[in-house]
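Q: Pasting input-v1.txt here (compact mmCIF, C-alpha atoms and all ligand atoms):
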```txt
# COMPACT_ATOMS: atom_id res chain seq x y z
CA MET A 1 22.55 152.68 78.57
CA GLN A 2 25.19 155.03 79.81
CA THR A 3 24.07 157.86 82.01
CA LEU A 4 25.94 160.11 84.35
CA SER A 5 24.42 158.31 87.30
CA GLN A 6 26.22 155.20 86.21
CA THR A 7 29.58 156.81 86.47
CA THR A 8 31.91 157.67 89.26
CA PRO A 9 33.81 160.81 90.15
CA ASP A 10 37.32 160.54 88.75
CA GLY A 11 36.26 157.18 87.49
CA GLY A 12 33.90 156.41 84.72
CA ILE A 13 32.78 159.82 83.69
CA GLY A 14 35.57 160.07 81.18
CA ARG A 15 33.94 157.20 79.37
CA VAL A 16 30.59 158.88 78.99
CA ALA A 17 30.15 160.23 75.53
CA ARG A 18 28.45 163.57 75.93
CA ARG A 19 28.88 166.38 73.53
CA PRO A 20 29.28 169.83 75.03
CA VAL A 21 26.06 171.79 74.95
CA GLY A 22 26.04 175.43 74.00
CA ASP A 23 28.62 177.52 72.34
CA SER A 24 30.19 179.69 75.03
CA MET A 25 33.67 178.86 76.23
CA ALA A 26 32.38 178.57 79.76
CA ARG A 27 29.74 176.07 78.85
CA ARG A 28 32.13 174.01 76.80
CA TRP A 29 34.59 174.09 79.64
CA ALA A 30 32.00 172.94 82.12
CA ALA A 31 30.71 170.20 79.88
CA THR A 32 34.16 168.87 79.19
CA TRP A 33 35.12 169.04 82.79
CA ARG A 34 31.97 167.33 83.97
CA ARG A 35 32.44 164.39 81.74
CA SER A 36 36.06 164.14 82.67
CA VAL A 37 36.84 164.69 86.29
CA GLY A 38 33.63 164.15 88.09
CA ALA A 39 31.59 167.28 88.40
CA ALA A 40 28.50 165.17 88.10
CA VAL A 41 28.71 164.87 91.85
CA CYS A 42 27.52 168.47 91.99
CA ALA A 43 24.15 167.41 90.79
CA LEU A 44 23.62 163.85 91.86
CA ALA A 45 24.04 161.52 94.73
CA THR A 46 26.46 158.65 94.67
CA GLY A 47 25.66 155.02 94.48
CA GLY A 48 25.27 154.43 90.78
CA SER A 49 26.48 151.20 89.35
CA ILE A 50 30.10 151.13 88.30
CA LEU A 51 31.25 150.50 84.79
CA LEU A 52 34.36 148.44 85.09
CA THR A 53 36.18 146.30 82.64
CA ALA A 54 36.48 142.82 84.01
CA PRO A 55 40.13 141.83 84.26
CA SER A 56 41.20 139.04 82.02
CA LEU A 57 43.26 136.32 83.61
CA ALA A 58 43.62 133.76 80.88
CA HIS A 59 46.65 131.63 81.60
CA ALA A 60 47.89 128.19 80.84
CA ALA A 61 47.87 126.57 84.23
CA ALA A 62 46.01 127.19 87.47
CA ILE A 63 47.89 126.51 90.69
CA THR A 64 45.48 126.49 93.59
CA VAL A 65 46.85 127.46 96.97
CA THR A 66 45.35 125.39 99.78
CA THR A 67 47.11 126.62 102.93
CA ALA A 68 47.87 130.04 104.41
CA ASP A 69 50.97 128.68 106.15
CA ASP A 70 54.22 129.96 104.66
CA VAL A 71 55.94 126.59 104.44
CA ALA A 72 57.66 124.59 101.71
CA ALA A 73 57.34 120.91 102.54
CA ASP A 74 55.98 117.76 100.94
CA ASP A 75 53.06 117.84 103.32
CA GLY A 76 50.11 117.48 101.01
CA ALA A 77 49.29 121.19 100.98
CA CYS A 78 50.08 123.91 98.45
CA SER A 79 51.40 127.11 100.00
CA LEU A 80 51.72 130.47 98.24
CA ARG A 81 55.51 130.20 98.40
CA GLU A 82 55.41 126.74 96.83
CA ALA A 83 53.01 127.97 94.18
CA MET A 84 55.41 130.73 93.18
CA ILE A 85 58.21 128.20 92.83
CA ALA A 86 55.97 125.81 90.91
CA ALA A 87 55.03 128.60 88.51
CA ASN A 88 58.61 129.73 88.03
CA SER A 89 60.10 126.27 87.61
CA ASP A 90 57.23 124.37 85.99
CA THR A 91 57.59 121.63 88.57
CA SER A 92 55.19 120.41 91.24
CA SER A 93 56.00 121.23 94.86
CA GLY A 94 56.12 117.62 96.05
CA ALA A 95 55.13 114.03 95.46
CA SER A 96 52.29 113.98 97.96
CA ALA A 97 48.73 114.39 96.84
CA GLY A 98 47.58 117.95 97.39
CA GLU A 99 50.91 119.62 96.60
CA CYS A 100 51.00 122.45 94.06
CA VAL A 101 50.70 121.28 90.49
CA ALA A 102 53.53 122.08 88.12
CA GLY A 103 53.32 125.37 86.26
CA SER A 104 53.10 125.40 82.50
CA GLY A 105 53.96 128.57 80.68
CA ALA A 106 52.00 131.52 81.98
CA ASP A 107 50.38 130.38 85.22
CA THR A 108 47.64 131.68 87.47
CA ILE A 109 48.03 131.20 91.19
CA VAL A 110 44.58 131.05 92.72
CA LEU A 111 44.29 132.11 96.35
CA PRO A 112 41.46 131.07 98.67
CA ALA A 113 38.95 133.82 99.38
CA ALA A 114 39.61 136.52 101.97
CA THR A 115 42.64 134.83 103.51
CA THR A 116 45.72 136.49 105.01
CA PHE A 117 49.08 135.06 104.01
CA LEU A 118 51.63 136.03 106.63
CA LEU A 119 55.06 135.61 105.07
CA THR A 120 58.31 134.67 106.76
CA SER A 121 60.35 136.37 104.03
CA THR A 122 59.97 137.93 100.58
CA LEU A 123 58.27 135.58 98.15
CA PRO A 124 60.50 133.95 95.48
CA GLN A 125 61.41 136.40 92.74
CA VAL A 126 59.01 136.22 89.78
CA ILE A 127 61.07 135.20 86.76
CA THR A 128 58.31 134.00 84.39
CA ALA A 129 54.75 135.00 83.57
CA VAL A 130 52.62 134.64 86.69
CA ALA A 131 49.19 135.90 87.67
CA ILE A 132 47.77 135.99 91.16
CA ASP A 133 44.01 135.65 91.35
CA GLY A 134 43.68 136.96 94.88
CA ASN A 135 39.99 136.52 95.66
CA ASP A 136 40.27 139.47 98.08
CA SER A 137 43.07 137.86 100.05
CA THR A 138 46.00 139.67 101.68
CA ILE A 139 49.70 138.97 101.32
CA ASP A 140 51.49 140.41 104.35
CA ALA A 141 55.28 140.32 104.50
CA ASP A 142 55.12 140.99 108.24
CA ARG A 143 58.12 143.37 107.94
CA THR A 144 60.46 140.50 107.02
CA GLY A 145 61.32 142.03 103.64
CA ARG A 146 59.53 143.42 100.62
CA VAL A 147 56.49 141.42 99.52
CA LEU A 148 57.16 140.83 95.82
CA ASP A 149 60.14 141.10 93.51
CA VAL A 150 59.70 140.84 89.74
CA ALA A 151 62.79 140.17 87.62
CA SER A 152 63.34 141.62 84.16
CA THR A 153 62.19 138.28 82.72
CA GLY A 154 59.10 138.25 84.91
CA SER A 155 55.54 139.35 84.34
CA LEU A 156 53.20 139.56 87.30
CA THR A 157 49.49 140.29 87.14
CA ILE A 158 47.77 140.80 90.46
CA ASP A 159 44.01 140.89 90.75
CA ALA A 160 41.86 141.43 93.85
CA THR A 161 44.80 141.19 96.23
CA THR A 162 46.11 143.35 99.08
CA ILE A 163 49.89 143.72 99.31
CA THR A 164 51.03 144.90 102.75
CA GLY A 165 53.62 144.69 105.51
CA GLY A 166 56.61 144.94 103.20
CA GLU A 167 59.77 146.64 104.41
CA THR A 168 63.19 147.04 102.86
CA THR A 169 66.19 149.32 103.29
CA GLY A 170 66.28 149.62 99.49
CA HIS A 171 63.67 150.49 96.88
CA GLY A 172 60.17 149.05 96.58
CA GLY A 173 58.80 148.15 99.98
CA GLY A 174 55.75 146.40 98.58
CA ILE A 175 56.74 145.51 95.04
CA LEU A 176 60.08 145.88 93.27
CA ASN A 177 59.58 145.62 89.53
CA ALA A 178 62.12 145.23 86.75
CA GLY A 179 59.70 143.34 84.48
CA VAL A 180 56.00 143.85 83.90
CA VAL A 181 53.58 144.40 86.76
CA THR A 182 49.83 144.81 86.30
CA LEU A 183 47.47 145.44 89.20
CA THR A 184 43.71 145.33 88.85
CA GLY A 185 41.28 145.84 91.69
CA SER A 186 44.10 145.54 94.20
CA THR A 187 45.54 147.47 97.13
CA VAL A 188 49.16 148.18 98.04
CA ILE A 189 49.10 149.50 101.59
CA ASP A 190 51.43 150.13 104.53
CA ASN A 191 54.77 149.15 102.99
CA ILE A 192 58.11 150.81 103.72
CA ALA A 193 61.16 151.53 101.56
CA GLY A 194 64.54 152.65 102.88
CA ALA A 195 64.56 155.85 104.91
CA ASP A 196 68.00 156.91 103.64
CA SER A 197 67.50 156.70 99.89
CA GLY A 198 64.73 154.19 99.24
CA ARG A 199 62.27 155.04 96.51
CA GLY A 200 58.81 153.62 96.05
CA GLY A 201 57.38 152.71 99.42
CA GLY A 202 54.51 150.87 97.78
CA ILE A 203 55.86 150.11 94.32
CA ARG A 204 59.20 150.75 92.66
CA ASN A 205 59.21 150.59 88.88
CA SER A 206 62.89 150.06 88.11
CA ASP A 207 64.79 150.59 84.88
CA GLY A 208 63.33 148.30 82.25
CA GLY A 209 60.14 147.73 84.19
CA SER A 210 56.64 148.70 83.17
CA LEU A 211 53.72 149.16 85.49
CA SER A 212 49.98 149.29 85.03
CA LEU A 213 47.42 149.97 87.74
CA ALA A 214 43.68 149.93 87.22
CA ASP A 215 40.91 150.28 89.79
CA SER A 216 43.52 149.98 92.51
CA VAL A 217 44.68 151.75 95.66
CA VAL A 218 48.20 152.65 96.77
CA ALA A 219 47.90 153.94 100.34
CA ASP A 220 49.83 154.66 103.52
CA ASN A 221 53.24 153.58 102.23
CA THR A 222 56.45 155.42 103.13
CA ALA A 223 59.82 155.98 101.50
CA TRP A 224 62.66 158.48 101.26
CA ALA A 225 61.19 159.55 97.91
CA GLY A 226 58.09 158.39 96.11
CA GLY A 227 56.12 157.32 99.14
CA GLY A 228 53.47 155.52 97.13
CA ILE A 229 55.07 154.82 93.76
CA SER A 230 58.37 155.66 92.12
CA THR A 231 59.27 155.03 88.54
CA GLN A 232 62.89 155.19 87.48
CA ALA A 233 64.32 157.23 84.62
CA LEU A 234 64.76 154.32 82.24
CA ALA A 235 61.66 152.42 83.31
CA GLY A 236 58.92 151.68 80.87
CA PRO A 237 55.67 153.52 81.21
CA ALA A 238 53.73 153.58 84.44
CA THR A 239 50.03 153.89 83.68
CA ILE A 240 47.66 154.54 86.56
CA GLU A 241 43.98 154.43 85.68
CA ARG A 242 40.87 154.77 87.82
CA SER A 243 43.06 154.41 90.88
CA THR A 244 43.76 156.31 94.09
CA ILE A 245 47.15 157.14 95.59
CA SER A 246 46.48 158.35 99.12
CA GLY A 247 48.02 158.80 102.53
CA ASN A 248 51.56 157.98 101.44
CA SER A 249 54.54 159.92 102.75
CA ALA A 250 58.10 160.65 101.72
CA THR A 251 61.03 162.35 103.36
CA ILE A 252 62.41 164.36 100.47
CA GLY A 253 59.96 164.43 97.58
CA GLY A 254 56.99 162.90 95.86
CA GLY A 255 54.76 161.93 98.75
CA GLY A 256 52.37 160.07 96.47
CA LEU A 257 54.25 159.63 93.21
CA LEU A 258 57.83 160.22 92.13
CA ASN A 259 58.11 160.02 88.37
CA GLU A 260 61.57 160.03 86.88
CA GLY A 261 60.54 158.08 83.79
CA THR A 262 57.28 158.08 81.89
CA ALA A 263 53.97 158.03 83.71
CA ALA A 264 50.32 158.73 83.06
CA LEU A 265 47.62 159.43 85.62
CA VAL A 266 44.23 158.86 84.02
CA ASN A 267 40.90 159.16 85.82
CA SER A 268 42.83 158.88 89.06
CA THR A 269 43.16 160.60 92.43
CA VAL A 270 46.29 161.65 94.32
CA SER A 271 45.19 162.73 97.78
CA GLY A 272 46.40 163.15 101.33
CA ASN A 273 50.02 162.36 100.59
CA SER A 274 52.83 164.33 102.18
CA VAL A 275 56.49 165.18 102.19
CA ALA A 276 58.26 166.06 105.40
CA GLY A 277 59.90 169.34 106.33
CA PHE A 278 61.17 171.18 103.30
CA GLY A 279 60.26 168.41 100.90
CA TRP A 280 59.01 168.93 97.39
CA GLY A 281 55.91 167.63 95.74
CA GLY A 282 53.53 166.48 98.44
CA GLY A 283 51.37 164.77 95.86
CA VAL A 284 53.58 164.31 92.81
CA PHE A 285 57.20 165.05 91.97
CA ASN A 286 57.93 164.86 88.26
CA SER A 287 61.38 164.75 86.74
CA GLY A 288 60.31 162.82 83.67
CA ASP A 289 57.41 162.78 81.29
CA LEU A 290 54.09 162.93 83.09
CA THR A 291 50.57 163.25 81.76
CA VAL A 292 47.76 163.98 84.18
CA SER A 293 44.36 163.68 82.59
CA PHE A 294 40.88 163.60 84.05
CA SER A 295 42.48 163.33 87.48
CA THR A 296 42.53 165.08 90.84
CA ILE A 297 45.58 166.02 92.91
CA SER A 298 44.28 167.45 96.18
CA HIS A 299 44.69 167.57 99.95
CA ASN A 300 48.40 166.75 99.72
CA THR A 301 50.97 168.48 101.95
CA GLY A 302 54.40 169.87 101.10
CA GLU A 303 56.26 173.12 101.51
CA ASN A 304 56.95 173.55 97.81
CA GLY A 305 54.68 172.14 95.19
CA GLY A 306 52.25 170.77 97.69
CA GLY A 307 50.28 169.21 94.88
CA LEU A 308 52.81 168.99 92.06
CA MET A 309 56.51 169.78 91.85
CA VAL A 310 58.11 169.82 88.43
CA ASN A 311 61.85 169.46 88.23
CA THR A 312 63.16 171.39 85.26
CA GLY A 313 66.57 169.77 85.39
CA PRO A 314 68.66 167.86 84.74
CA ILE A 315 66.69 165.59 82.40
CA ALA A 316 66.37 167.20 78.99
CA GLY A 317 62.93 167.01 77.50
CA ALA A 318 61.07 166.32 80.73
CA THR A 319 57.48 167.34 80.32
CA THR A 320 54.37 167.70 82.41
CA ARG A 321 50.99 167.80 80.75
CA LEU A 322 47.75 168.60 82.56
CA GLU A 323 44.42 168.13 80.91
CA SER A 324 40.92 168.24 82.35
CA SER A 325 42.32 167.83 85.84
CA ILE A 326 42.11 169.39 89.28
CA VAL A 327 45.13 170.46 91.32
CA THR A 328 43.63 172.37 94.23
CA ASP A 329 43.17 172.39 97.98
CA ASN A 330 46.66 171.14 98.76
CA VAL A 331 48.31 172.25 102.00
CA VAL A 332 51.41 174.29 101.23
CA ILE A 333 53.70 177.06 102.42
CA THR A 334 54.52 178.36 98.94
CA SER A 335 52.60 177.06 95.95
CA GLU A 336 50.49 174.08 95.01
CA ILE A 337 52.28 173.80 91.68
CA SER A 338 55.95 174.69 91.78
CA ALA A 339 59.06 174.39 89.67
CA TYR A 340 62.47 173.34 90.80
CA ASN A 341 65.82 172.76 89.15
CA ASP A 342 68.12 170.39 90.92
CA THR A 343 71.09 171.54 88.86
CA GLY A 344 71.03 174.69 90.95
CA MET A 345 69.90 176.82 88.03
CA PRO A 346 66.67 178.79 88.18
CA PRO A 347 63.65 176.93 86.86
CA VAL A 348 63.28 177.49 83.15
CA PHE A 349 59.65 177.11 82.53
CA ASP A 350 57.96 176.15 79.44
CA GLY A 351 57.69 172.70 80.91
CA ILE A 352 54.00 172.41 81.71
CA GLU A 353 51.83 171.66 78.76
CA THR A 354 48.11 171.92 78.94
CA GLY A 355 45.30 170.10 77.30
CA GLY A 356 42.99 172.69 78.80
CA PHE A 357 39.99 172.52 81.10
CA ASN A 358 41.98 172.33 84.33
CA VAL A 359 41.00 173.73 87.71
CA LEU A 360 44.18 174.68 89.56
CA GLY A 361 45.20 176.24 92.83
CA SER A 362 48.18 178.45 93.50
CA ILE A 363 50.97 178.34 90.95
CA GLU A 364 54.51 179.57 91.37
CA ASP A 365 55.06 182.89 89.63
CA THR A 366 57.65 181.49 87.24
CA ILE A 367 55.02 179.29 85.67
CA THR A 368 53.09 181.30 83.14
CA VAL A 369 52.03 178.68 80.69
CA TYR A 370 48.41 179.05 81.66
CA ASP A 371 48.33 182.54 80.29
CA ASP A 372 47.98 180.80 76.98
CA ASP A 373 45.19 178.54 78.15
CA PRO A 374 41.88 180.37 78.46
CA THR A 375 40.07 177.16 79.38
CA SER A 376 41.92 176.54 82.64
CA LEU A 377 41.20 178.29 85.93
CA VAL A 378 43.92 179.03 88.47
CA ASP A 379 44.08 180.27 92.07
CA GLN A 380 41.05 178.17 92.84
CA SER A 381 40.23 176.67 96.24
CA ASP A 382 37.43 174.83 97.98
CA VAL A 383 36.90 172.91 94.78
CA VAL A 384 36.62 169.41 96.15
CA GLU A 385 35.19 167.65 99.16
CA PRO A 386 37.40 165.41 101.32
CA LEU A 387 38.38 161.99 100.00
CA ALA A 388 35.46 159.62 100.39
CA ASP A 389 33.65 156.66 98.96
CA ASN A 390 31.64 158.23 96.19
CA GLY A 391 30.67 154.96 94.61
CA GLY A 392 33.73 154.28 92.49
CA ALA A 393 36.19 151.44 92.58
CA THR A 394 38.36 153.59 94.85
CA GLU A 395 37.82 156.64 97.05
CA THR A 396 37.59 159.96 95.24
CA HIS A 397 37.02 163.65 95.81
CA ALA A 398 33.50 164.83 95.12
CA ILE A 399 33.11 168.32 93.75
CA THR A 400 31.81 171.08 95.99
CA THR A 401 28.66 172.73 94.83
CA ALA A 402 30.50 176.07 95.02
CA SER A 403 33.34 174.96 92.78
CA PRO A 404 33.74 176.52 89.34
CA ALA A 405 33.09 173.11 87.92
CA CYS A 406 29.51 173.59 89.01
CA SER A 407 29.19 177.23 88.10
CA THR A 408 30.07 178.55 84.71
CA SER A 409 29.88 182.08 86.09
CA GLU A 410 33.11 181.59 87.97
CA TRP A 411 35.98 182.57 85.75
CA ARG A 412 39.30 183.74 86.97
CA ARG A 413 42.63 183.45 85.30
CA LYS A 414 46.08 183.97 86.66
CA CA B 1 53.56 121.69 100.46
```
What is this file in structure tokens?
A:
Amino acid sequence: MQTLSQTTPDGGIGRVARRPVGDSMARRWAATWRRSVGAAVCALATGGSILLTAPSLAHAAAITVTTADDVAADDGACSLREAMIAANSDTSSGASAGECVAGSGADTIVLPAATTFLLTSTLPQVITAVAIDGNDSTIDADRTGRVLDVASTGSLTIDATTITGGETTGHGGGILNAGVVTLTGSTVIDNIAGADSGRGGGIRNSDGGSLSLADSVVADNTAWAGGGISTQALAGPATIERSTISGNSATIGGGGLLNEGTAALVNSTVSGNSVAGFGWGGGVFNSGDLTVSFSTISHNTGENGGGLMVNTGPIAGATTRLESSIVTDNVVITSEISAYNDTGMPPVFDGIETGGFNVLGSIEDTITVYDDDPTSLVDQSDVVEPLADNGGATETHAITTASPACSTSEWRRK
């Protein structure tokens, strides 16, 4: 039986089928918002069971890693590096008993539980279909390069794995993806992309690549732009569900997420990210097509667009859509939601679309789209509590009892 107590803020509430009760706009707004973003926290304690979809890792061959040492030798043990080669090449790693078995088609590399793999260099580029069944283990590049590199022919699924310690002068400190990358129940933390022009401290979704995150965390990564994640203009979609992007930082823009392609934030949290100095988009910088639904962008820091910066040029047709989401309580000098045009022209703003039922903070004066949306509130603050473990797969922002999400009497439009 589904009840609100079985759901999580920003997490499972969107999956609870509750019809709005009552007929006033305010009540419908509150009902929609509660089942979407997480207002249930207003009324209940955390700790309910979590409704998660178990990841499916059905692959042709299982390659079991038996040593944490980063060596490639016919020594009777199967290292992670050897397993990657065995999966790519469909050959065993050596003649001795105990070496990695040969891959066969789409392979699953099985890591021992809760083990740290300290790398001596970036792992071999993924050129075929590979899954890593991490068993809560950690792959640490130890600052010798990025952790993982997925070619356009490659497909990499990562489950229950922490990716850390990556560093590159280019893009993608943790993961550089030109193929297909899927993360479930995993963490990408403390990776570094190039300080001069590197994009995607945690993950870089390059042209041709597609990216899917579910129940995952991207935290404490740094880059020139897109501290947590960047997705390039011609990349495939980046879909981020029930995940948290937090504590990442960028020099120029997009502390948490830089989207130059197509991205969707669904039931997710972007929190505590920052851009330095006069940077834009402490939480999110969007130059492409971005949909934010049932999500929270809060507690991010940036001078302009502390929560969300929308670039109105030069990409024709770039859109930003907000629906049933919170963009409040970001630390800014100007506005939490701002517009910018890097062609040097003034922002031309019909660029934010709304699906309604948003709770928003300060918005730059040029953005007037919400005048046509009577279901969204603007100039709101003190809407969410600090990022915390509220019982979901990842940390989330609980809703303050004083927030309009908990009180239908609060109603203020821009
Ligand atoms: Ca070996």
Q: Which residues are near ligand CA 1 (chain B) in this structure, taking near to mean any atom at most 9 Å from a ligand atom and counting only C-alpha atoms and all ligand atoms? Format them as a PyMOL selection string.
A: chain A and resi 67+71-79+81-83+93-94+96+98-100
Q: Within 6 Å of Gly170 of chain A, counting all atoms listed in the file, which residues qualify if same-chain residues fewer than 3 places away don't, as a tab-separated table (two decimals) with C-alpha atoms, keeping the file's coordinate frame?
A:
```
chain	number	residue	atom	x	y	z
A	193	ALA	CA	61.16	151.53	101.56
A	194	GLY	CA	64.54	152.65	102.88
A	198	GLY	CA	64.73	154.19	99.24
```
Q: Which value, in Å to one decimal, gives the distance between atom CA of Ser403 of chain A and atom CA of Glu336 of chain A?
A: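 That distance, rounded to one decimal, is 17.3 Å.
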Q: For Val217 of chain A, which residue among A:Gly355, A:Gly200, A:Gly185, A:Pro237 is the nearest when counting all atoms listed in the file?
A: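 Under the stated criterion, the closest residue is A:Gly185.
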Q: For atom CA of Pro374 of chain A and atom CA of Ser338 of chain A, determine how far apart the two atoms are, in Å to one decimal place.
A: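 Going from atom CA of Pro374 of chain A over to atom CA of Ser338 of chain A, I get 20.2 Å.
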Q: Taking all atoms listed in the file into account, name the residue in A:Ala68, A:Ile132, A:Ala114, A:Ile127 that is nearest to Asn88 of chain A.
A: A:Ile127
Q: Smallest atom-to-atom distance to Leu156 of chain A: which of A:Val327, A:Ala129, A:Ala95, A:Ala318, using only C-alpha atoms?
A: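 Checking each candidate against Leu156 of chain A, we get A:Ala129 as the closest.
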Q: Would you mind telling me which residue in A:Ser249, A:Thr239, A:Asn135, A:Ser206 lies nearest to Gly226 of chain A when using only C-alpha atoms?
A: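 Answer, going by the shortest atom-to-atom distance: A:Ser249.
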Q: Compare A:Thr115, A:Ser325, A:Ser210, A:Thr164 by their minimum atom-to-atom distance to Ser152 of chain A, counting all atoms listed in the file, and give me the closest one.
A: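 Of all the options, A:Ser210 lies closest to Ser152 of chain A.
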Q: Could you tell me which of A:Asp289, A:Asp190, A:Glu303, A:Asp196 comes closest to Gly277 of chain A if we count all atoms listed in the file?
A: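 Of the candidates, the smallest distance to Gly277 of chain A is held by A:Glu303.
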Q: Which centre and edge lengths in Å to one decimal define the box along x, y and z that fits every listed atom of segment 209-217 of chain A plus 3 Å per side, as JSON?
A:
```
{"center_x": 50.5, "center_y": 149.7, "center_z": 89.4, "size_x": 25.2, "size_y": 10.0, "size_z": 18.5}
```
Q: Within 6 Å of Ser376 of chain A, counting all atoms listed in the file, which residues qualify if same-chain residues fewer than 4 places away don't, as a ChimeraX atom specification?
A: /A:356-359
Q: Go ahead and save the picked residues with C-alpha atoms, as a compact mmCIF listing (two decimals), keeping the file's coordinate frame.
A:
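Okay, this is what ended up in result12.txt:
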```
# COMPACT_ATOMS: atom_id res chain seq x y z
CA GLY A 356 42.99 172.69 78.80
CA PHE A 357 39.99 172.52 81.10
CA ASN A 358 41.98 172.33 84.33
CA VAL A 359 41.00 173.73 87.71
```
Q: Kindly extract all protein, DNA and RNA residues lying within 6 Å of the coordinates (51.9, 172.1, 102.9) given in the file, considering only C-alpha atoms, and supply them as a ChimeraX atom specification.
A: /A:301-303,306,331-333
Q: I'd like the neighbourhood of segment 177-180 of chain A as JSON, numbers by chain, where a residue qualifies if any of its atoms comes within 12 Å (using only C-alpha atoms), though same-chain residues fewer than 4 positions away should be ignored.
A: {"A": [125, 126, 127, 128, 129, 130, 131, 146, 147, 148, 149, 150, 151, 152, 153, 154, 155, 156, 157, 158, 171, 172, 173, 200, 202, 203, 204, 205, 206, 207, 208, 209, 210, 211, 212, 213, 229, 230, 231, 232, 234, 235, 236, 237, 238, 239]}
Q: Residues proximal to (44.8, 143.5, 92.9) were defined as those with any atom within 12 Å of that point in the file's coordinates, counting only C-alpha atoms. Which are they, as a CSV table (one decimal) with C-alpha atoms, keeping the file's coordinate frame?
A:
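Output below, filename point_20.csv:
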```csv
chain,number,residue,atom,x,y,z
A,55,PRO,CA,40.1,141.8,84.3
A,57,LEU,CA,43.3,136.3,83.6
A,111,LEU,CA,44.3,132.1,96.4
A,131,ALA,CA,49.2,135.9,87.7
A,132,ILE,CA,47.8,136.0,91.2
A,133,ASP,CA,44.0,135.6,91.4
A,134,GLY,CA,43.7,137.0,94.9
A,135,ASN,CA,40.0,136.5,95.7
A,136,ASP,CA,40.3,139.5,98.1
A,137,SER,CA,43.1,137.9,100.0
A,138,THR,CA,46.0,139.7,101.7
A,139,ILE,CA,49.7,139.0,101.3
A,156,LEU,CA,53.2,139.6,87.3
A,157,THR,CA,49.5,140.3,87.1
A,158,ILE,CA,47.8,140.8,90.5
A,159,ASP,CA,44.0,140.9,90.8
A,160,ALA,CA,41.9,141.4,93.8
A,161,THR,CA,44.8,141.2,96.2
A,162,THR,CA,46.1,143.4,99.1
A,163,ILE,CA,49.9,143.7,99.3
A,164,THR,CA,51.0,144.9,102.8
A,181,VAL,CA,53.6,144.4,86.8
A,182,THR,CA,49.8,144.8,86.3
A,183,LEU,CA,47.5,145.4,89.2
A,184,THR,CA,43.7,145.3,88.8
A,185,GLY,CA,41.3,145.8,91.7
A,186,SER,CA,44.1,145.5,94.2
A,187,THR,CA,45.5,147.5,97.1
A,188,VAL,CA,49.2,148.2,98.0
A,189,ILE,CA,49.1,149.5,101.6
A,212,SER,CA,50.0,149.3,85.0
A,213,LEU,CA,47.4,150.0,87.7
A,214,ALA,CA,43.7,149.9,87.2
A,215,ASP,CA,40.9,150.3,89.8
A,216,SER,CA,43.5,150.0,92.5
A,217,VAL,CA,44.7,151.8,95.7
A,218,VAL,CA,48.2,152.6,96.8
A,243,SER,CA,43.1,154.4,90.9
A,393,ALA,CA,36.2,151.4,92.6
```
Q: Working from the structure I just supplied, which lacks atoms in segment 183-194 of chain A, can you model N, CA and C atoms there and output them as a PDB file, keeping the file's coordinate frame?
A:
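Final output, result15.pdb:
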```pdb
ATOM      1  N   LEU A 183      48.381 145.594  88.063  1.00  0.00           N
ATOM      2  CA  LEU A 183      47.470 145.440  89.200  1.00  0.00           C
ATOM      3  C   LEU A 183      46.064 145.829  88.777  1.00  0.00           C
ATOM      4  N   THR A 184      45.111 144.990  89.081  1.00  0.00           N
ATOM      5  CA  THR A 184      43.710 145.330  88.850  1.00  0.00           C
ATOM      6  C   THR A 184      42.928 145.059  90.129  1.00  0.00           C
ATOM      7  N   GLY A 185      42.125 146.018  90.520  1.00  0.00           N
ATOM      8  CA  GLY A 185      41.280 145.840  91.690  1.00  0.00           C
ATOM      9  C   GLY A 185      42.036 145.445  92.938  1.00  0.00           C
ATOM     10  N   SER A 186      43.240 145.953  93.091  1.00  0.00           N
ATOM     11  CA  SER A 186      44.100 145.540  94.200  1.00  0.00           C
ATOM     12  C   SER A 186      44.529 146.735  95.042  1.00  0.00           C
ATOM     13  N   THR A 187      45.114 146.433  96.202  1.00  0.00           N
ATOM     14  CA  THR A 187      45.540 147.470  97.130  1.00  0.00           C
ATOM     15  C   THR A 187      46.965 147.205  97.568  1.00  0.00           C
ATOM     16  N   VAL A 188      47.788 148.252  97.529  1.00  0.00           N
ATOM     17  CA  VAL A 188      49.160 148.180  98.040  1.00  0.00           C
ATOM     18  C   VAL A 188      49.226 149.164  99.200  1.00  0.00           C
ATOM     19  N   ILE A 189      49.291 148.644 100.413  1.00  0.00           N
ATOM     20  CA  ILE A 189      49.100 149.500 101.590  1.00  0.00           C
ATOM     21  C   ILE A 189      50.095 149.179 102.690  1.00  0.00           C
ATOM     22  N   ASP A 190      50.589 150.249 103.343  1.00  0.00           N
ATOM     23  CA  ASP A 190      51.430 150.130 104.530  1.00  0.00           C
ATOM     24  C   ASP A 190      52.699 149.305 104.260  1.00  0.00           C
ATOM     25  N   ASN A 191      53.456 149.730 103.259  1.00  0.00           N
ATOM     26  CA  ASN A 191      54.770 149.150 102.990  1.00  0.00           C
ATOM     27  C   ASN A 191      55.823 150.244 103.143  1.00  0.00           C
ATOM     28  N   ILE A 192      57.064 149.849 103.377  1.00  0.00           N
ATOM     29  CA  ILE A 192      58.110 150.810 103.720  1.00  0.00           C
ATOM     30  C   ILE A 192      59.362 150.546 102.887  1.00  0.00           C
ATOM     31  N   ALA A 193      59.854 151.584 102.216  1.00  0.00           N
ATOM     32  CA  ALA A 193      61.160 151.530 101.560  1.00  0.00           C
ATOM     33  C   ALA A 193      62.176 152.273 102.407  1.00  0.00           C
ATOM     34  N   GLY A 194      63.456 152.156 102.043  1.00  0.00           N
ATOM     35  CA  GLY A 194      64.540 152.650 102.880  1.00  0.00           C
ATOM     36  C   GLY A 194      64.431 154.132 103.200  1.00  0.00           C
TER      37      GLY A 194
END
```
